[in-house]
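*Asks:* For reference, the structure I am asking about is given below.
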Amino acid sequence: MSALAELLIEPVARYGFMQAGLVAATVVGVTCAVLSCLLVVRGQALLGDAISHAVLLGVVLGFLIGGEVGILAGAMLVAVLTGAAIAYVTQHAPFRADTSMGVLFTVTFALGLAIMSVVQPRGIDLFHVLFGNVLGVRTTDLWLTGVSGGLVLLVVLVGFRAFQLWSFDPALARAMGMRTRAMEYLFTALLSAAIVAALQTVGLILVVAMLVIPGAAAAMLTSRLSTMMVVAAAVGLLSGVAGLYGSFHLDVASGPAIVLVAGACFAVAFVFAPRGVVGALLAARSGVGDGGQETADEAVRS
């Protein structure tokens with residue numbers, strides 16, 4: 001028992017940065033996991049990747065304008081604008097959404113790198129921006145993470161039925177009078193908030209893993225969106241907490257540690273996934289095949 005206390009309890013009781021890191025890792029793990037379910041169901045995993053890369057431009061501009069205080073504000077602004085631009089271009093361009101994402105995230109990411117190479121701002125730790133540093137979470141970061149994560153979860157909870165219908169059957173949602181374009185903009189705003197909240201914890205590059213892996217693991221265990229979100233949240237929570245302790249005890253970067261735990265959870269889910277669950281989810285998403293539309297209707301009602 002003493003060994004377990006030394007391993008788990010003593011670091012949190014002794015070090016304030018571990019307490020802050022535990023809160024941040026918990027909020028980010030659960031928030032990203034819930035959104036990952038919608039991304040997986042909609043087949044839009046690249047959207048999180050696109051916005052996370054674009055945030056680098058916001059980090060650089062925010063730092064140049066307001067110093068360290070401006071980083072998070074700049075990151076949020078560019079994330080929201082990039083998400084809105086992706087939604088707008090997708091709706092008006094004659095190609096699929098992944099093309100719009102690929103164009104916009106590469107351009108914004110390259111612009112951020114170009115500005116950094118010219119200005120060479122001092123005070124930005126690019127490694128921590130890209131890969132996170134949960135053990136270095138400050139009070140201001142913790143407040144932003146908590147408020148952003150709480151708002152995201154609240155919006156998803158309040159609008160769960162709308163998000164569910166929009167994700168599984170956009171055509172039916174439009175037929176019922178739902179403003180699906182507004183849903184696109186709202187969802188990208190939620191993703192932006194979650195990505196900025198995860199900036200300090202897992203970084204810009206690895207946040208995409210937390211926006212995909214928990215939902216993908218949960219999708220192999222259940223075909224109901226509500227249950228999927230609960231399972232994904234558990235995976236995200238376990239990944240955040242276990243990754244935090246791994247980062248502390250093994251002296252490894254926090255972002256990779258958290259993502260590796262999430263990857264292990266995915267591997268376990270893949271090995272022990274019940275047969276037919278993934279097929280049911282795909283049928284509910286596409287409505288193709290025998291009984292596919294009935295499965296989709298059931299998923300929307302669940």
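Ligands are numbered from 1 in the order shown, residues from 1 within each chain, and chains are lettered A, B, ... in the order they appear in the structure tokens.
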Leaving out Leu126 of chain A and any residue of its chain fewer than 2 positions from it, which residues lie within 12 Å of it when counting only C-alpha atoms, given as a PyMOL selection string?

*Replies:* chain A and resi 56+59-60+112-113+116-117+120-124+128-133+199-200+203-205

*Asks:* Which residues come within 12 Å of Gly136 of chain A, counting only C-alpha atoms, excluding same-chain residues fewer than 4 positions away, as JSON, numbers by chain?

*Replies:* {"A": [15, 16, 17, 18, 19, 20, 21, 22, 24, 25, 125, 128, 129, 132, 140, 141, 142, 199, 200, 201, 202, 244, 247, 248, 253, 254, 255]}

*Asks:* Give me the residues within 12 Å of Thr227 of chain A as a ChimeraX atom specification, counting only C-alpha atoms and dropping any in the same chain fewer than 3 places off.

*Replies:* /A:34,37,215,218-224,230-234,299,302

*Asks:* Name the residues in contact with Ala162 of chain A at a cut-off of 12 Å, using only C-alpha atoms, excluding same-chain residues fewer than 6 positions from it; report them as a list in words.

*Replies:*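 Skipping anything fewer than 6 positions along the chain leaves Leu38, Val155, Val156, Phe168, Asp169, Pro170, Leu172, Ala173, Arg174, Met176, Gly177, Met178, Arg179, Thr180, Ala182, Met183, Glu184, Leu186, Phe187, Val300 and Arg301 of chain A.
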
*Asks:* In segment 25-236 of chain A, what's helix (DSSP H, G or I) per DSSP? Answer as JSON, numbers by chain?

*Replies:* {"A": [25, 26, 27, 28, 29, 30, 31, 32, 33, 34, 35, 36, 37, 38, 39, 40, 41, 42, 45, 46, 47, 48, 49, 50, 51, 52, 53, 54, 55, 56, 57, 58, 59, 60, 61, 62, 63, 64, 65, 66, 68, 69, 70, 71, 72, 73, 74, 75, 76, 77, 78, 79, 80, 81, 82, 83, 84, 85, 86, 87, 88, 89, 90, 91, 92, 97, 98, 99, 100, 101, 102, 103, 104, 105, 106, 107, 108, 109, 110, 111, 112, 113, 114, 115, 116, 117, 118, 119, 126, 127, 128, 129, 130, 131, 134, 135, 136, 139, 140, 141, 142, 143, 144, 145, 146, 147, 148, 149, 150, 151, 152, 153, 154, 155, 156, 157, 158, 160, 161, 162, 163, 164, 165, 166, 167, 168, 170, 171, 172, 173, 174, 175, 180, 181, 182, 183, 184, 185, 186, 187, 188, 189, 190, 191, 192, 193, 194, 195, 196, 197, 203, 204, 205, 206, 207, 208, 209, 210, 213, 214, 215, 216, 217, 218, 219, 225, 226, 227, 228, 229, 230, 231, 232, 233, 234, 235, 236]}

*Asks:* Atom CA of Ala189 of chain A and atom CA of Ile115 of chain A are how many Å apart?

*Replies:* 24.8 Å

*Asks:* For a test of reading the model, state the distance in Å between atom CA of Thr99 of chain A and atom CA of Gly83 of chain A, rounded to one decimal.

*Replies:*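 So the two atoms, atom CA of Thr99 of chain A and atom CA of Gly83 of chain A, lie 13.7 Å apart.
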
*Asks:* Could you jot down the atom CA of Ala87 of chain A to atom CA of Ala114 of chain A separation for me, Å, one decimal place?

*Replies:*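 Rounded to one decimal, the two atoms are 25.0 Å apart.
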
*Asks:* Which one of A:Trp143, A:Phe127, A:Tyr88, A:Phe95 sits closest to Leu72 of chain A if you count only C-alpha atoms?

*Replies:* A:Trp143

*Asks:* Tell me which of A:Val28, A:Leu157, A:Ala79, A:Ile51 sits closest to Ser239 of chain A, counting only C-alpha atoms.

*Replies:*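 Smallest separation from Ser239 of chain A among the options: A:Val28.
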
*Asks:* Counting only C-alpha atoms, which residue out of A:Ala93, A:Leu104, A:Ala193, A:Val41 sits closest to Leu57 of chain A?

*Replies:*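 That would be A:Leu104, the residue with the smallest distance to Leu57 of chain A.
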
*Asks:* With distances taken over only C-alpha atoms, which of A:Ser100, A:Gln44, A:Ser148, A:Ser36 is nearest to Ser192 of chain A?

*Replies:*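 The answer is A:Ser148, which sits nearest to Ser192 of chain A.
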
*Asks:* Please identify all polymer residues within 9 Å of Ala242 of chain A, counting only C-alpha atoms, omitting same-chain residues fewer than 5 positions from it, and present them as a PDB file with C-alpha atoms, in the first residue's frame.

*Replies:*
ATOM      1  CA  LEU A 237      -9.884  10.297 -18.599  1.00  0.00           C
ATOM      2  CA  SER A 247       5.221  11.832 -17.739  1.00  0.00           C
ATOM      3  CA  ALA A 257       2.678   9.796 -22.833  1.00  0.00           C
ATOM      4  CA  ILE A 258      -1.038  10.623 -22.907  1.00  0.00           C
ATOM      5  CA  VAL A 261      -1.985   5.366 -23.194  1.00  0.00           C
TER       6      VAL A 261
END
